[in-house]
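What follows is a set of notes on a single structure, which appears directly below.
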Amino acid sequence: MPRILSNEIIEEVLTMPACIEAMEEAYIAWANNQAITRPRSDTYMPIGNSTYYVLKTMDGILGSQNIGSIRLNSDLIQWSTKDGVTKKTKLRSAPGERYNGMVLLFSTLTGEIKAMFPDGYIQKMRVAATGALSVKYMARSDADVLGLVGTGWQASGAIEAVHAVRPLKAAKIFSPNSEHREEFARTYRKKLGIPVEAVDSAEDAVRGASIVSTATNSLTRVIEAAWLEPGCHVFCVKYSELGDAVRAKADRVIVNVHYATPDNHIPGIGRVSGTDPIDLLEQGIQKEELSESEDEWASTLPELWEVVNGSAIGRKDDSEITLFVNNNGIGLQFSAAGAAALRMAEEKNLGTDLPIDWFVQTVHP
């Protein structure tokens with residue numbers, strides 16, 4: 001029977017170390033042709049005031065776990081610029097000021113649906129776990145100071161994930177909102193039991209850090225290459241947070257996948273790939289100016305799975321500045337994290353089972 005899981009159940013059962021382990025196993029399976037993933041597809045419809053309805057899907061199959069997944073988002077997205085910083089914001093458009101988003105898990109042995117759950121908590125976990133894999137395989141073995149720019153949902157995952165693979169001695173946190181960064185610092189001082197300092201600038205956060213993470217929704221860069229220490233490791237949520245100068249300064253760059261942009265579908269234009277949709281949808285919106293398309297340079301670099309399975313080098317020596325660009329999410333990550341969450345929920349008998357008859361049919365589809 002299909003099992004319904006809530007964000008609260010997933011948060012209870014899916015620990016960060018377990019999610020990182022599941023992601024690592026999935027990347028190894030991908031390297032061994034036991035997994036496959038499809039590029040994300042975003043379909044846009046304008047509704048006014050720089051706001052768009054966006055239907056987003058991504059899927060992947062983790063053959064080693066006999067699980068396939070589809071992540072589906074039905075969102076209102078808005079772009080805005082304030083104080084020279086452009087942000088892409090997902091609006092709380094559902095009843096009760098909530099978001100829409102879900103994941104479906106399927107059995108590859110029978111085709112039947114195995115689970116349904118919101119994508120919110122597992123989204124944070126899979127992004128953070130992917131960044132943590134880059135830290136595990138690319139950061140110095142003695143890296144123990146984190147410089148984190150961002151204090152939102154993804155940032156909370158980033159600091160926990162880094163601490164899971166490189167126990168931190170200290171962390172420095174910056175966001176433009178002083179109240180947010182102070183509260184974030186207090187929370188993680190208590191949660192991780194280490195010094196976590198809220199600092200007054202992104203530069204203060206980055207200088208002296210052996211691991212640097214950007215976890216924002218900014219479309220313009222939030223750090224500068226000159227701030228990076230020799231031998232540090234950098235990872236991001238999106239490339240626009242860094243800009244070309246950081247990539248140029250890095251001695252070694254690894255990407256998540258070769259295709260940096262989703263497969264976009266836009267009214268009056270049709271299918272567009274290799275281009276940020278903001279360039280076509282919103283004229284005059286400020287964004288990070290890049291010297292070349294992400295898809296162009298990303299296609300020439302090793303992917304993270306190659307570092308995880310040992311076919312590519314993550315770090316040559318302690319002096320290298322290494323960079324992981326999380327340039328696009330993949331459906332396989334939801335198959336891996338979702339399979340782990342379902343297994344752990346079943347072990348604790350958590351969730352709600354629904355009749356399989358609601359989801360199968362005698363009519364040939």
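Residue numbers start at 1 in each chain; chains themselves are named A, B, ... in the order of the structure tokens; ligands are numbered from 1 in the order shown.
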Requested in this report: Find the spatial neighbours of region 244-247 of chain A, counting only C-alpha atoms, within a cut-off of 12 Å - ignore same-chain residues fewer than 4 positions away - and output them as a PyMOL selection string.
Outcome: chain A and resi 212+220-229+232-236+239-240+251-255+288-294+297-298+301+321-325
Query raised in the report: Residues of region 232-304 of chain A in helix (DSSP H, G or I) according to DSSP, as a PyMOL selection string?
Result: chain A and resi 239-241+244-249+278-281+294-298+304
Requested in this report: Return the single residue from A:Arg166, A:Lys90, A:Arg343, A:Lys124 that is closest to Tyr137 (chain A), with distances computed using only C-alpha atoms.
Outcome: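 Closest candidate: A:Arg166.
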Requested in this report: List the neighbours of Gln65 (chain A) out to 10 Å using only C-alpha atoms; skip same-chain residues closer than 2 positions along the sequence, and give me the result as a PyMOL selection string.
Outcome: chain A and resi 25-26+29+34-35+61-63+67-68+107-108+335-336+339-340
Requested write-out: C-alpha atoms of the selected residues, as a compact mmCIF listing (two decimals), in the first residue's frame:
# COMPACT_ATOMS: atom_id res chain seq x y z
CA GLU A 25 25.38 5.32 -2.43
CA ALA A 26 23.22 6.85 -5.18
CA ALA A 29 25.20 3.57 -8.30
CA GLN A 34 22.69 1.32 -11.71
CA ALA A 35 20.93 4.68 -11.64
CA ILE A 61 15.64 5.92 -10.98
CA LEU A 62 17.81 4.31 -8.33
CA GLY A 63 18.03 0.77 -9.67
CA ILE A 67 13.00 2.95 -6.57
CA GLY A 68 11.97 5.59 -9.08
CA SER A 107 8.67 0.47 -7.25
CA THR A 108 10.74 -0.44 -10.30
CA SER A 335 14.94 8.68 -5.15
CA ALA A 336 17.88 8.19 -2.78
CA ALA A 339 13.93 5.60 -0.27
CA ALA A 340 15.90 6.11 2.94
Query raised in the report: Between A:His364, A:Arg126, A:Arg92, A:Arg40, which one has atoms that come closest to Glu24 (chain A), using only C-alpha atoms?
Result: A:Arg126
**Report entry** Test item, strand (DSSP E or B) assignment across region 62-174 of chain A, answer as a VMD selection string
**Finding:** chain A and resid 62 67 to 82 85 to 90 94 98 102 to 107 113 to 118 145 to 149 170 to 174
Query raised in the report: What's the 12 Å shell around Ser175 (chain A), counting only C-alpha atoms, without same-chain residues fewer than 6 positions away, as a list in words?
Result: Gly147, Leu148, Val149, Gly150, Thr151, Gly152, Ala155, Arg181, Glu182, Glu183, Phe184, Ala185, Glu197, Ala198, Val199, Asp200, Ser201, Ala202, Glu203, Asp204, Ala205, Thr214, Ala215, Thr216, Asn217, Ser218, Val222 and Ile223 of chain A
Save out the residues we just selected, N, CA and C atoms, as a CSV table (one decimal), in the first residue's frame.
chain,number,residue,atom,x,y,z
A,147,GLY,N,32.7,29.2,7.0
A,147,GLY,CA,32.2,30.5,6.7
A,147,GLY,C,30.9,30.4,5.9
A,148,LEU,N,29.8,30.8,6.4
A,148,LEU,CA,28.5,30.5,5.8
A,148,LEU,C,27.8,31.9,5.5
A,149,VAL,N,27.4,32.1,4.3
A,149,VAL,CA,26.7,33.2,3.9
A,149,VAL,C,25.2,32.8,3.6
A,150,GLY,N,24.3,33.3,4.4
A,150,GLY,CA,22.9,32.8,4.3
A,150,GLY,C,22.5,32.3,5.7
A,151,THR,N,21.2,32.5,6.0
A,151,THR,CA,20.7,32.0,7.3
A,151,THR,C,19.3,31.5,7.1
A,152,GLY,N,18.9,31.1,5.9
A,152,GLY,CA,17.6,30.6,5.7
A,152,GLY,C,17.5,29.1,5.7
A,155,ALA,N,20.6,27.2,4.4
A,155,ALA,CA,21.7,27.4,5.3
A,155,ALA,C,21.7,26.5,6.5
A,181,ARG,N,20.7,36.6,11.5
A,181,ARG,CA,22.0,35.9,11.7
A,181,ARG,C,22.3,35.7,13.2
A,182,GLU,N,21.8,36.6,14.1
A,182,GLU,CA,22.0,36.4,15.5
A,182,GLU,C,21.2,35.2,16.0
A,183,GLU,N,20.0,35.1,15.6
A,183,GLU,CA,19.2,34.0,16.0
A,183,GLU,C,19.7,32.6,15.4
A,184,PHE,N,20.2,32.7,14.2
A,184,PHE,CA,20.8,31.5,13.6
A,184,PHE,C,22.0,31.0,14.4
A,185,ALA,N,22.9,32.0,14.8
A,185,ALA,CA,24.1,31.7,15.5
A,185,ALA,C,23.7,31.1,16.9
A,197,GLU,N,29.6,32.3,15.4
A,197,GLU,CA,29.6,33.8,15.5
A,197,GLU,C,28.8,34.4,14.4
A,198,ALA,N,27.9,35.3,14.7
A,198,ALA,CA,27.3,36.1,13.7
A,198,ALA,C,28.2,37.3,13.4
A,199,VAL,N,28.6,37.5,12.1
A,199,VAL,CA,29.5,38.6,11.8
A,199,VAL,C,28.8,39.6,10.9
A,200,ASP,N,29.5,40.8,10.8
A,200,ASP,CA,28.8,41.9,10.2
A,200,ASP,C,28.9,42.0,8.7
A,201,SER,N,29.7,41.1,8.0
A,201,SER,CA,29.8,41.2,6.6
A,201,SER,C,30.1,39.8,6.0
A,202,ALA,N,29.8,39.6,4.7
A,202,ALA,CA,30.2,38.3,4.1
A,202,ALA,C,31.7,38.2,4.1
A,203,GLU,N,32.4,39.2,3.9
A,203,GLU,CA,33.9,39.1,3.9
A,203,GLU,C,34.4,38.6,5.3
A,204,ASP,N,33.8,39.1,6.4
A,204,ASP,CA,34.2,38.6,7.7
A,204,ASP,C,33.9,37.1,7.8
A,205,ALA,N,32.8,36.6,7.2
A,205,ALA,CA,32.5,35.2,7.3
A,205,ALA,C,33.5,34.4,6.5
A,214,THR,N,27.8,29.1,0.4
A,214,THR,CA,26.8,30.2,0.2
A,214,THR,C,25.5,29.4,0.0
A,215,ALA,N,24.5,29.9,0.7
A,215,ALA,CA,23.1,29.3,0.8
A,215,ALA,C,22.1,30.4,0.8
A,216,THR,N,21.9,31.0,-0.3
A,216,THR,CA,21.0,32.2,-0.4
A,216,THR,C,20.1,32.0,-1.7
A,217,ASN,N,19.2,32.9,-1.9
A,217,ASN,CA,18.4,32.9,-3.1
A,217,ASN,C,18.8,34.1,-4.0
A,218,SER,N,20.0,34.5,-3.9
A,218,SER,CA,20.5,35.7,-4.6
A,218,SER,C,20.9,35.3,-6.0
A,222,VAL,N,27.5,37.0,-3.8
A,222,VAL,CA,27.5,37.4,-2.4
A,222,VAL,C,28.9,37.2,-1.8
A,223,ILE,N,29.9,36.7,-2.5
A,223,ILE,CA,31.2,36.7,-2.0
A,223,ILE,C,32.2,37.1,-3.1
